[in-house]
file model_1.txt (compact mmCIF, C-alpha atoms)
# COMPACT_ATOMS: atom_id res chain seq x y z
CA MET V 1 -122.42 41.32 36.67
CA GLN V 2 -122.59 40.78 33.02
CA LYS V 3 -119.85 43.31 32.48
CA GLN V 4 -117.56 41.70 35.00
CA HIS V 5 -118.14 38.40 33.37
CA ASP V 6 -117.22 39.82 29.97
CA ARG V 7 -114.10 41.45 31.31
CA ARG V 8 -113.00 38.14 32.84
CA ALA V 9 -113.69 36.39 29.61
CA ILE V 10 -111.66 38.96 27.70
CA LYS V 11 -108.87 38.74 30.29
CA ASN V 12 -108.81 34.95 30.11
CA ARG V 13 -108.78 35.12 26.34
CA ASP V 14 -105.90 37.56 26.35
CA HIS V 15 -104.05 35.39 28.84
CA PHE V 16 -104.64 32.34 26.75
CA THR V 17 -103.51 34.22 23.66
CA GLU V 18 -100.32 35.32 25.43
CA GLN V 19 -99.61 31.78 26.49
CA GLU V 20 -100.08 30.61 22.96
CA LYS V 21 -97.63 33.27 21.79
CA ARG V 22 -95.13 32.24 24.43
CA SER V 23 -95.53 28.59 23.54
CA LYS V 24 -95.14 29.38 19.88
CA ILE V 25 -92.03 31.46 20.50
CA SER V 26 -90.59 28.69 22.71
CA SER V 27 -91.37 26.16 20.03
CA GLU V 28 -89.72 28.31 17.39
CA LYS V 29 -86.63 28.71 19.58
CA SER V 30 -86.52 24.98 20.16
CA VAL V 31 -86.72 24.34 16.42
CA GLY V 32 -83.93 26.90 15.81
CA ARG V 33 -81.69 25.30 18.39
CA HIS V 34 -82.35 21.93 16.85
CA GLU V 35 -81.47 23.23 13.40
CA VAL V 36 -78.22 24.79 14.69
CA TRP V 37 -77.32 21.56 16.45
CA SER V 38 -78.07 19.55 13.33
CA TRP V 39 -75.91 21.91 11.20
CA LYS V 40 -73.02 21.68 13.63
CA THR V 41 -73.32 17.91 13.77
CA ALA V 42 -73.40 17.65 10.00
CA SER V 43 -70.43 19.98 9.65
CA LYS V 44 -68.48 18.03 12.24
CA GLU V 45 -69.27 14.75 10.53
CA SER V 46 -68.27 16.20 7.17
CA LEU V 47 -64.98 17.43 8.59
CA CYS V 48 -64.33 14.04 10.17
CA LEU V 49 -64.98 12.33 6.89
CA MET V 50 -62.73 14.78 5.06
CA TRP V 51 -59.98 14.34 7.65
CA GLN V 52 -60.24 10.57 7.35
CA LYS V 53 -59.81 10.87 3.60
CA VAL V 54 -56.92 13.36 3.97
CA LYS V 55 -55.35 11.18 6.64
CA VAL V 56 -55.47 8.16 4.35
CA GLN V 57 -53.96 10.22 1.54
CA LEU V 58 -51.23 11.54 3.85
CA MET V 59 -50.41 8.04 5.06
CA LEU V 60 -50.23 6.80 1.48
CA SER V 61 -48.03 9.78 0.52
CA MET V 62 -45.73 9.22 3.49
CA SER V 63 -45.47 5.54 2.66
CA PHE V 64 -44.67 6.40 -0.96
CA LEU V 65 -42.08 9.01 0.04
CA THR V 66 -40.50 6.58 2.53
CA ALA V 67 -40.31 3.87 -0.12
CA LEU V 68 -38.94 6.41 -2.64
CA PHE V 69 -36.31 7.62 -0.17
CA TRP V 70 -35.27 4.02 0.58
CA TYR V 71 -35.08 3.23 -3.13
CA CYS V 72 -33.04 6.37 -3.89
CA ARG V 73 -30.72 5.60 -1.02
CA ARG V 74 -30.18 2.06 -2.26
CA LEU V 75 -29.72 3.35 -5.80
CA TYR V 76 -27.20 5.97 -4.61
CA SER V 77 -25.32 3.31 -2.64
CA PHE V 78 -25.29 1.01 -5.66
CA LEU V 79 -24.11 3.76 -8.03
CA ALA V 80 -21.43 4.84 -5.54
CA GLN V 81 -20.12 1.28 -5.30
CA LEU V 82 -20.26 0.93 -9.08
CA LEU V 83 -18.41 4.22 -9.57
CA LYS V 84 -15.79 3.23 -7.00
CA ARG V 85 -15.19 -0.11 -8.69
CA TRP V 86 -15.01 1.53 -12.10
CA SER V 87 -12.59 4.16 -10.79
CA ASN V 88 -10.39 1.48 -9.22
CA TYR V 89 -10.47 -0.49 -12.45
CA LEU V 90 -9.46 2.54 -14.50
CA GLN V 91 -6.73 3.35 -12.00
CA ARG V 92 -5.39 -0.21 -12.20
CA GLN V 93 -5.51 -0.05 -15.97
CA LEU V 94 -3.74 3.31 -15.99
CA ILE V 95 -1.02 2.09 -13.63
CA ARG V 96 -0.69 -1.08 -15.70
CA ASN V 97 -0.26 0.99 -18.87
CA LEU V 98 2.01 3.57 -17.28
CA SER V 99 5.60 3.12 -18.30
CA VAL V 100 6.71 5.39 -15.43
CA LEU V 101 5.05 4.35 -12.17
CA PRO V 102 4.06 6.68 -9.29
CA GLU V 103 6.69 7.48 -6.70
CA VAL V 104 7.55 5.01 -3.94
CA ASP V 105 9.69 5.28 -0.82
CA LEU V 106 13.36 4.75 -1.70
CA LEU V 107 14.38 2.66 1.30
CA GLY V 108 11.14 0.68 1.17
CA TYR V 109 11.83 -0.16 -2.46
CA SER V 110 15.40 -1.16 -1.59
CA ALA V 111 14.23 -3.46 1.22
CA ARG V 112 11.69 -5.17 -1.06
CA GLU V 113 13.97 -5.59 -4.06
CA TRP V 114 17.19 -6.56 -2.27
CA LYS V 115 16.32 -9.04 0.45
CA GLY V 116 18.75 -11.54 1.83
CA GLU V 117 22.32 -11.39 3.03
CA THR V 118 24.25 -11.93 -0.19
CA LYS V 119 27.14 -9.61 -0.93
CA GLN V 120 25.28 -7.96 -3.82
CA ALA V 121 22.10 -7.43 -1.77
CA LYS V 122 24.04 -5.84 1.08
CA GLN V 123 25.94 -3.57 -1.33
CA MET V 124 22.73 -2.43 -3.01
CA ARG V 125 21.04 -1.64 0.29
CA GLU V 126 24.10 0.34 1.38
CA ALA V 127 24.07 2.24 -1.91
CA TYR V 128 20.40 3.14 -1.49
CA GLU V 129 21.03 4.25 2.10
CA GLU V 130 23.86 6.48 0.83
CA LEU V 131 21.50 8.08 -1.71
CA PHE V 132 18.94 8.65 1.05
CA ARG V 133 21.41 10.06 3.56
CA SER V 134 23.91 12.05 1.50
CA CYS V 135 22.07 12.90 -1.72
CA HIS V 136 18.63 13.65 -0.16
CA ILE V 137 16.93 11.20 -2.52
CA LYS V 138 13.83 10.04 -0.66
CA TYR V 139 11.67 8.53 -3.40
CA LEU V 140 11.96 7.01 -6.85
CA ARG V 141 9.74 6.35 -9.84
CA GLN V 142 10.18 2.96 -11.45
CA VAL V 143 10.59 2.93 -15.21
CA ARG V 144 9.42 0.04 -17.35
CA ARG V 145 12.17 -2.50 -17.83
CA ASP V 146 12.67 -2.72 -21.56
CA ASN V 147 15.30 -1.61 -24.05
CA TYR V 148 13.86 1.91 -24.24
CA SER V 149 14.34 2.34 -20.48
CA VAL V 150 17.00 5.05 -20.44
CA VAL V 151 15.44 7.07 -23.31
CA ARG V 152 12.08 6.88 -21.53
CA ALA V 153 13.55 8.02 -18.21
CA VAL V 154 15.35 10.96 -19.83
CA LEU V 155 12.39 12.15 -21.91
CA PHE V 156 9.94 11.79 -19.02
CA GLN V 157 12.05 14.09 -16.86
CA ILE V 158 12.56 16.61 -19.66
CA PHE V 159 8.79 16.80 -20.18
CA SER V 160 7.80 16.73 -16.50
CA GLN V 161 10.27 19.53 -15.68
CA GLY V 162 9.04 21.61 -18.61
CA ILE V 163 12.51 21.82 -20.18
CA PRO V 164 12.16 23.54 -23.59
CA PHE V 165 13.65 22.49 -26.91
CA PRO V 166 17.46 22.67 -27.07
CA LEU V 167 18.76 25.75 -28.83
CA TRP V 168 19.69 23.99 -32.06
CA MET V 169 16.17 22.52 -32.38
CA LYS V 170 14.70 26.01 -32.10
CA GLU V 171 16.89 27.22 -34.95
CA ARG V 172 15.80 24.54 -37.42
CA ASP V 173 12.65 22.58 -38.16
CA ILE V 174 13.18 19.05 -36.89
CA LEU V 175 10.32 17.85 -39.10
CA LYS V 176 12.57 18.38 -42.11
CA LEU V 177 15.51 16.37 -40.75
CA PRO V 178 14.50 13.09 -42.44
CA GLU V 179 14.03 14.91 -45.73
CA LYS V 180 17.35 16.70 -45.37
CA LEU V 181 19.21 13.49 -44.54
CA LEU V 182 17.63 11.60 -47.42
CA TYR V 183 17.79 14.17 -50.21
CA SER V 184 20.36 16.81 -49.30
CA GLN V 185 23.00 14.48 -47.90
CA GLY V 186 22.19 11.48 -50.07
CA CYS V 187 21.75 8.98 -47.26
CA ASN V 188 19.54 6.54 -49.13
CA TRP V 189 20.53 3.86 -46.66
CA ILE V 190 18.13 5.28 -44.05
CA GLN V 191 15.54 3.04 -45.71
CA GLN V 192 17.22 0.30 -43.69
CA TYR V 193 16.29 2.09 -40.47
CA SER V 194 14.56 -0.17 -37.94
CA PHE V 195 11.83 1.02 -35.56
CA GLY V 196 12.62 -1.06 -32.50
CA PRO V 197 11.13 -4.52 -33.04
CA GLU V 198 10.31 -3.60 -36.66
CA ARG V 199 13.57 -4.69 -38.22
CA TYR V 200 12.92 -3.50 -41.76
CA THR V 201 10.40 -1.07 -43.22
CA GLY V 202 11.93 -0.27 -46.61
CA PRO V 203 10.48 2.72 -48.51
CA ASN V 204 8.02 3.41 -45.67
CA ALA V 205 10.87 4.45 -43.37
CA PHE V 206 10.83 8.08 -44.50
CA GLY V 207 7.10 8.57 -43.88
CA LYS V 208 7.25 6.82 -40.50
CA LEU V 209 10.22 8.90 -39.40
CA ARG V 210 8.36 12.09 -40.26
CA LYS V 211 5.36 10.96 -38.16
CA CYS V 212 7.69 10.21 -35.26
CA MET V 213 9.22 13.67 -35.51
CA GLU V 214 5.75 15.24 -35.57
CA VAL V 215 4.73 13.41 -32.38
CA LEU V 216 7.93 14.50 -30.62
CA LYS V 217 7.69 18.14 -31.68
CA THR V 218 3.96 18.50 -30.94
CA ASN V 219 4.02 16.91 -27.48
CA TRP V 220 7.27 18.55 -26.42
CA ALA V 221 6.01 22.00 -27.40
CA GLU V 222 2.62 21.49 -25.73
CA ILE V 223 3.95 20.12 -22.44
CA SER V 224 6.85 22.58 -22.11
CA ALA V 225 4.38 25.47 -22.63
CA THR V 226 2.29 24.26 -19.65
CA ARG V 227 3.33 26.19 -16.55
CA ASP V 228 1.27 24.37 -13.93
CA TYR V 229 3.34 21.53 -12.46
CA GLU V 230 0.40 19.23 -11.66
CA GLU V 231 -1.19 19.71 -15.06
CA ARG V 232 2.15 19.02 -16.73
CA GLY V 233 2.52 15.85 -14.66
CA SER V 234 -0.94 14.70 -15.68
CA MET V 235 -0.10 15.29 -19.34
CA CYS V 236 3.10 13.25 -18.95
CA ASN V 237 1.23 10.37 -17.31
CA THR V 238 -1.27 10.35 -20.18
CA LEU V 239 1.43 10.48 -22.83
CA PHE V 240 3.60 7.80 -21.25
CA SER V 241 0.65 5.42 -20.97
CA ASP V 242 0.01 5.55 -24.73
CA GLU V 243 2.39 2.99 -26.23
CA SER V 244 1.86 4.11 -29.81
CA LYS V 245 2.83 7.74 -29.14
CA GLU V 246 5.46 6.78 -26.59
CA TYR V 247 7.45 4.61 -28.98
CA LYS V 248 7.26 7.28 -31.68
CA LEU V 249 8.99 9.64 -29.23
CA TYR V 250 11.85 7.19 -28.72
CA GLU V 251 12.27 6.50 -32.41
CA ALA V 252 12.38 10.24 -33.08
CA ILE V 253 15.17 10.59 -30.51
CA LYS V 254 17.03 7.69 -32.11
CA PHE V 255 16.79 9.36 -35.50
CA ILE V 256 18.02 12.69 -34.11
CA MET V 257 21.02 10.81 -32.72
CA LEU V 258 21.65 9.41 -36.20
CA TYR V 259 21.31 12.88 -37.72
CA GLU V 260 23.86 14.31 -35.28
CA VAL V 261 26.28 11.49 -36.07
CA VAL V 262 25.94 12.14 -39.82
CA GLU V 263 26.53 15.88 -39.26
CA ALA V 264 29.62 15.23 -37.15
CA TYR V 265 30.97 12.70 -39.64
CA GLU V 266 30.61 15.20 -42.50
CA GLN V 267 32.37 17.88 -40.44
CA ILE V 268 35.26 15.52 -39.66
CA LYS V 269 35.61 14.64 -43.33
CA SER V 270 35.53 18.25 -44.51
CA ARG V 271 37.50 19.51 -41.49
CA ASP V 272 35.32 22.61 -41.42
CA GLU V 273 35.11 22.89 -37.64
CA PRO V 274 36.05 20.78 -34.62
CA VAL V 275 33.51 18.34 -33.22
CA HIS V 276 32.87 17.18 -29.67
CA ASN V 277 35.28 14.50 -28.48
CA LEU V 278 32.41 12.08 -27.90
CA PHE V 279 32.18 11.64 -31.68
CA SER V 280 35.81 10.63 -31.75
CA LEU V 281 35.01 7.94 -29.18
CA LEU V 282 32.00 6.83 -31.19
CA PHE V 283 33.83 6.55 -34.52
CA ALA V 284 36.80 4.86 -32.84
CA ARG V 285 34.69 1.75 -32.29
CA ASP V 286 34.96 -0.88 -35.01
CA SER V 287 31.19 -1.34 -34.89
CA SER V 288 30.43 2.35 -35.54
CA SER V 289 33.25 3.71 -37.70
CA ASP V 290 30.75 5.61 -39.88
CA PRO V 291 27.04 6.61 -39.68
CA LEU V 292 25.82 3.55 -41.59
CA SER V 293 27.60 1.07 -39.34
CA PHE V 294 26.42 3.05 -36.30
CA MET V 295 22.83 2.69 -37.48
CA MET V 296 23.07 -0.95 -38.49
CA ASN V 297 25.08 -2.24 -35.51
CA HIS V 298 23.75 -0.07 -32.70
CA LEU V 299 20.82 2.23 -33.37
CA ASN V 300 18.56 -0.27 -35.13
CA SER V 301 18.71 -2.68 -32.19
CA ILE V 302 17.88 -0.07 -29.54
CA GLY V 303 14.39 -0.78 -28.27
CA ASP V 304 14.53 -4.31 -29.60
CA SER V 305 17.48 -6.27 -28.25
CA ILE V 306 19.80 -3.66 -26.70
CA CYS V 307 19.62 -0.33 -24.90
CA LEU V 308 21.90 2.70 -25.04
CA ASP V 309 25.47 2.10 -23.94
CA GLN V 310 27.73 4.64 -22.27
CA VAL V 311 28.92 6.36 -25.47
CA GLU V 312 25.36 6.73 -26.76
CA LEU V 313 24.29 8.13 -23.40
CA PHE V 314 26.95 10.84 -23.85
CA LEU V 315 25.47 11.52 -27.28
CA LEU V 316 21.92 11.67 -25.89
CA GLY V 317 22.81 14.31 -23.30
CA TYR V 318 24.77 16.29 -25.88
CA LEU V 319 22.02 16.51 -28.50
CA LEU V 320 19.26 17.24 -25.95
CA GLN V 321 21.53 19.78 -24.21
CA VAL V 322 20.90 18.39 -20.74
CA LYS V 323 23.31 17.23 -18.10
CA ILE V 324 22.37 13.63 -17.24
CA ARG V 325 23.61 12.68 -13.79
CA VAL V 326 23.51 8.93 -13.22
CA TYR V 327 23.91 7.15 -9.87
CA ARG V 328 25.34 3.73 -10.72
CA LEU V 329 24.54 1.63 -7.67
CA HIS V 330 26.54 -1.38 -8.80
CA ARG V 331 29.60 0.91 -8.77
CA PHE V 332 29.09 1.96 -5.15
CA ASN V 333 32.27 2.97 -3.32
CA THR V 334 34.09 3.63 -6.60
CA GLU V 335 34.79 6.77 -8.61
CA GLU V 336 32.19 5.65 -11.15
CA PHE V 337 29.34 5.68 -8.63
CA GLN V 338 28.20 9.09 -9.89
CA VAL V 339 28.74 9.95 -13.57
CA ASN V 340 27.66 12.86 -15.77
CA TYR V 341 26.66 12.47 -19.41
CA PRO V 342 28.23 14.27 -21.16
CA ASP V 343 31.15 15.00 -18.86
CA GLU V 344 31.63 18.38 -20.59
CA TYR V 345 28.50 20.50 -20.49
CA ARG V 346 27.43 24.12 -20.43
CA ARG V 347 26.34 25.81 -17.24
CA GLU V 348 22.98 26.85 -18.69
CA TRP V 349 21.97 23.28 -19.46
CA SER V 350 19.24 21.77 -17.30
CA GLU V 351 20.08 18.76 -15.14
CA ILE V 352 18.19 15.50 -14.86
CA CYS V 353 19.06 12.51 -12.68
CA LEU V 354 18.82 8.76 -13.14
CA LEU V 355 19.78 5.77 -11.06
CA THR V 356 20.65 2.33 -12.33
CA GLU V 357 21.54 -0.96 -10.75
CA ASP V 358 23.14 -2.53 -13.83
CA ASP V 359 23.64 0.11 -16.60
CA HIS V 360 20.71 -1.49 -18.41
CA TYR V 361 17.50 -0.48 -16.66
CA TYR V 362 17.04 2.99 -15.17
CA HIS V 363 14.77 4.64 -12.60
CA ILE V 364 14.02 8.25 -11.73
CA PRO V 365 15.21 9.49 -8.29
CA LEU V 366 13.21 12.21 -6.52
CA PHE V 367 14.90 14.66 -4.19
CA ARG V 368 13.43 15.93 -0.91
CA THR V 369 15.21 18.24 1.51

call {"tool": "encode", "arguments": {"input": "model_1.txt", "output": "structure tokens"}}
result
Amino acid sequence: MQKQHDRRAIKNRDHFTEQEKRSKISSEKSVGRHEVWSWKTASKESLCLMWQKVKVQLMLSMSFLTALFWYCRRLYSFLAQLLKRWSNYLQRQLIRNLSVLPEVDLLGYSAREWKGETKQAKQMREAYEELFRSCHIKYLRQVRRDNYSVVRAVLFQIFSQGIPFPLWMKERDILKLPEKLLYSQGCNWIQQYSFGPERYTGPNAFGKLRKCMEVLKTNWAEISATRDYEERGSMCNTLFSDESKEYKLYEAIKFIMLYEVVEAYEQIKSRDEPVHNLFSLLFARDSSSDPLSFMMNHLNSIGDSICLDQVELFLLGYLLQVKIRVYRLHRFNTEEFQVNYPDEYRREWSEICLLTEDDHYYHIPLFRT
């Protein structure tokens, strides 16, 4: 009995011990699960906090980028408007300074300039229509209305077409023409030469003439060497918007005309070789019977109070070796409607065209087929 009792006691003790073990293991598992849950909760809370912080930063960044984009867009719009206004201003200034304006429609120009039903207005409109229909002139470029008008129109076309120096200018240095005229041929009276509105320059005339010849030679050589038509046109627009250089060109041409007259006069006196008949016409005038009177009575006033007349236009075409075809609209329906200067020219000479309404101011016609 005692033994049975001991075995039961041992069995109960073992059972109790096993229960304790199970309870302990269960407790340990419960603690482990609690720790895992706590770690997950803490991690989740940490991530939420981090996301909140990142979200705030992202919202601030997006707000900043939105504001920056709006500011840049406004700045771009402002700069674009400013650039457009500046470009328009420069374009207006350039057009204002241009002595040869951009091309305009021929018939549109005629309708604007010659309104009304007067006899002269009707005749001018008919003349323009004839140019449009028969001569294929569709546009024109207006030339500034001053007393350099015809010289400007001729030189602009020579430069814009890339026409090179005439043959005689290639054979001699035109920079030395003032020196030759003053010292070699004893023409001390060139000190009385007038530069357009400058009626008298005295001893400074020689130096100023040389500067004028330099401007002519440099720009003519540079522009005629440019093969691209658009680039050449841009160079012409720049040159003919610079009054200082522009007027030096015209005074150089005037002096070359004087030089040619002196040369022809000396040849007539010495009877070395025949001269062109235009010089006979020139010297037949009482106001230009010799080079000095030609300079004093005609050349000095060109650019100031008068422009080139018909005889001097013959001379201009002759010395530049170009055929100048002029449509004289006020002579419409007459034989003098279309005239060439000079009337005798060589076949290899280049041709340029002008149109005039009064033989005083000239414009440049543009042909389109």

call {"tool": "atom_distance", "arguments": {"input": "model_1.txt", "atom1": "CA of Glu179 in chain V", "atom2": "CA of Tyr250 in chain V"}}
result
18.8 Å

call {"tool": "closest_residue", "arguments": {"input": "model_1.txt", "among": "V:Ile324, V:Leu209, V:Gln185, V:Lys115", "to": "Tyr265 in chain V", "atoms": "only C-alpha atoms"}}
result
V:Gln185

call {"tool": "axis_aligned_box", "arguments": {"input": "model_1.txt", "around": "range 298-313 of chain V", "padding_each_side": "3 Å", "output": "JSON"}}
result
{"center_x": 21.7, "center_y": 0.9, "center_z": -28.7, "size_x": 20.5, "size_y": 20.4, "size_z": 18.9}

call {"tool": "closest_residue", "arguments": {"input": "model_1.txt", "among": "V:Leu366, V:Cys236, V:Val311, V:Ile302", "to": "Ser160 in chain V", "atoms": "all atoms listed in the file"}}
result
V:Cys236

call {"tool": "closest_residue", "arguments": {"input": "model_1.txt", "among": "V:Lys84, V:Lys122, V:Lys176, V:Arg145", "to": "Phe332 in chain V", "atoms": "all atoms listed in the file"}}
result
V:Lys122

call {"tool": "residues_around", "arguments": {"input": "model_1.txt", "residues": "Leu320 in chain V", "least_positions_apart": "2", "cutoff": "8 Å", "atoms": "all atoms listed in the file", "output": "ChimeraX atom specification"}}
result
/V:165-166,316-318,322

call {"tool": "residues_around", "arguments": {"input": "model_1.txt", "residues": "Asn340 in chain V", "least_positions_apart": "4", "cutoff": "10 Å", "atoms": "all atoms listed in the file", "output": "MDAnalysis selection string"}}
result
chainID V and resid 313:314 317 323:327 336 344:345 351:353

call {"tool": "atom_distance", "arguments": {"input": "model_1.txt", "atom1": "CA of Thr356 in chain V", "atom2": "CA of Val215 in chain V"}}
result
27.9 Å

call {"tool": "closest_residue", "arguments": {"input": "model_1.txt", "among": "V:Cys307, V:Ala225, V:Ile364, V:Leu182", "to": "Leu101 in chain V", "atoms": "all atoms listed in the file"}}
result
V:Ile364

call {"tool": "atom_distance", "arguments": {"input": "model_1.txt", "atom1": "CA of Leu167 in chain V", "atom2": "CA of Ala221 in chain V"}}
result
13.4 Å

call {"tool": "closest_residue", "arguments": {"input": "model_1.txt", "among": "V:Gly303, V:Leu258, V:Lys269, V:Pro164", "to": "Glu198 in chain V", "atoms": "all atoms listed in the file"}}
result
V:Gly303

call {"tool": "closest_residue", "arguments": {"input": "model_1.txt", "among": "V:Asn277, V:Thr238, V:Ser244, V:Thr118", "to": "Ile223 in chain V", "atoms": "only C-alpha atoms"}}
result
V:Thr238
